[in-house]
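Enquirer: Quick one: this structure, given as structure tokens, is what I'll be asking you about.
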Protein chains: 2
Amino acid sequence: MSLSYSNYTNSPCAACKFLRRKCTSDCVFAPYFPPEEPLKFANVHRIFGASNVSKILHEVAPHQREDAVNSLAYEAEARLKDPVYGCVGAISVLQREVLRLQRELEETNVDLMRYASCLGGETSAYGGRRG
Amino acid sequence: MSLSYSNYTNSPCAACKFLRRKCTSDCVFAPYFPPEEPLKFANVHRIFGASNVSKILHEVAPHQREDAVNSLAYEAEARLKDPVYGCVGAISVLQREVLRLQRELEETNVDLMRYASCLGGETSAYGGRRG
């Protein structure tokens, strides 16, 4: 029988504490929701619900569960901060930033090409960068 | 009494159909989950749960509810496609792309400055772009 995080620390995990239930050695939440981080579980519980988080954890391979929990915690925190857009707001901001940088890089390459044509023979050294 | 989308079309909204309940004129889901898009509700229900979606809708102003539903639908679809990272995967990809473009722009500006210094007097025309 393997020992879960909560057994190791002799304290129920944050999920079991929140849900007021006994934290058993096979608790699916225990390795990812240590008792010292009560907000992490409270947030994912509020946005996704405990049973949906448990379902997702059972769907993914054990070695990917930590990443799954961390991405769920990130999404939950973003949704609590911004109930309208959640972390989709960050995606929009980043997409706009990528477009702006691509445009700027394109313009800079045009300038670079203009200089290169002025300098003639030296153009091969600076062929312009592709965005 | 205002007419909801479902009353207008004489068919329960996708949420009420899914939950097998009567779609009333004040149904909070009806304006955003038309019966022609059953998957939109099925997805958000599977990831967030109907009561969490309803809670979020009641939290935000009516004019922002459509954006809230669309961002929830986007997050739900991303999580179903990628149970480990969900739409946080897209954020990581975009963050890396922003860093790559910033680096490339910086390098291009260095090249541009090198050309400008070769051309001497003409430098004022191409002052280099900031990323």
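Letters A, B, ... mark the chains of the structure tokens in the order given; residue numbers begin at 1 per chain; ligand numbers begin at 1, in order shown.
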On all C-alpha atoms matched in order, how well does chain A superpose onto chain B? Give the RMSD in Å.
Expert: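 Across all paired C-alpha atoms, the RMSD is 0.1 Å.
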Enquirer: For chain A, work out the contacting residues on chain B at 9 Å, counting only C-alpha atoms, and write them as a ChimeraX atom specification.
Expert: /B:46-49,52-53,56-57,59-60,64-72,74-75,83-91,94-95,97-98,101-102,104-105,107-109,111-112,115-116,118-119,126,128-131
Enquirer: Can you pull out every residue from range 56-103 of chain B that DSSP, working from the backbone, puts in alpha helix (DSSP H), and format the result as a ChimeraX atom specification?
Expert: /B:56-59,65-81,88-103
Enquirer: Please report the interatomic distance between CA of Cys16 in chain B and CA of Pro38 in chain B in Å with one decimal.
Expert: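 Distance between the two atoms: 10.2 Å.
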Enquirer: For Cys13 in chain A, which of A:Pro34, A:Ala50, A:Cys27, A:Lys81 is the closest residue, counting only C-alpha atoms?
Expert: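 For Cys13 in chain A, the nearest of the candidates is A:Pro34.
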Enquirer: Considering only C-alpha atoms, state which residue in the set B:Ser54, B:Asn43, B:Ser117, B:Ser25 is at the smallest distance from Ala76 in chain B.
Expert: B:Asn43
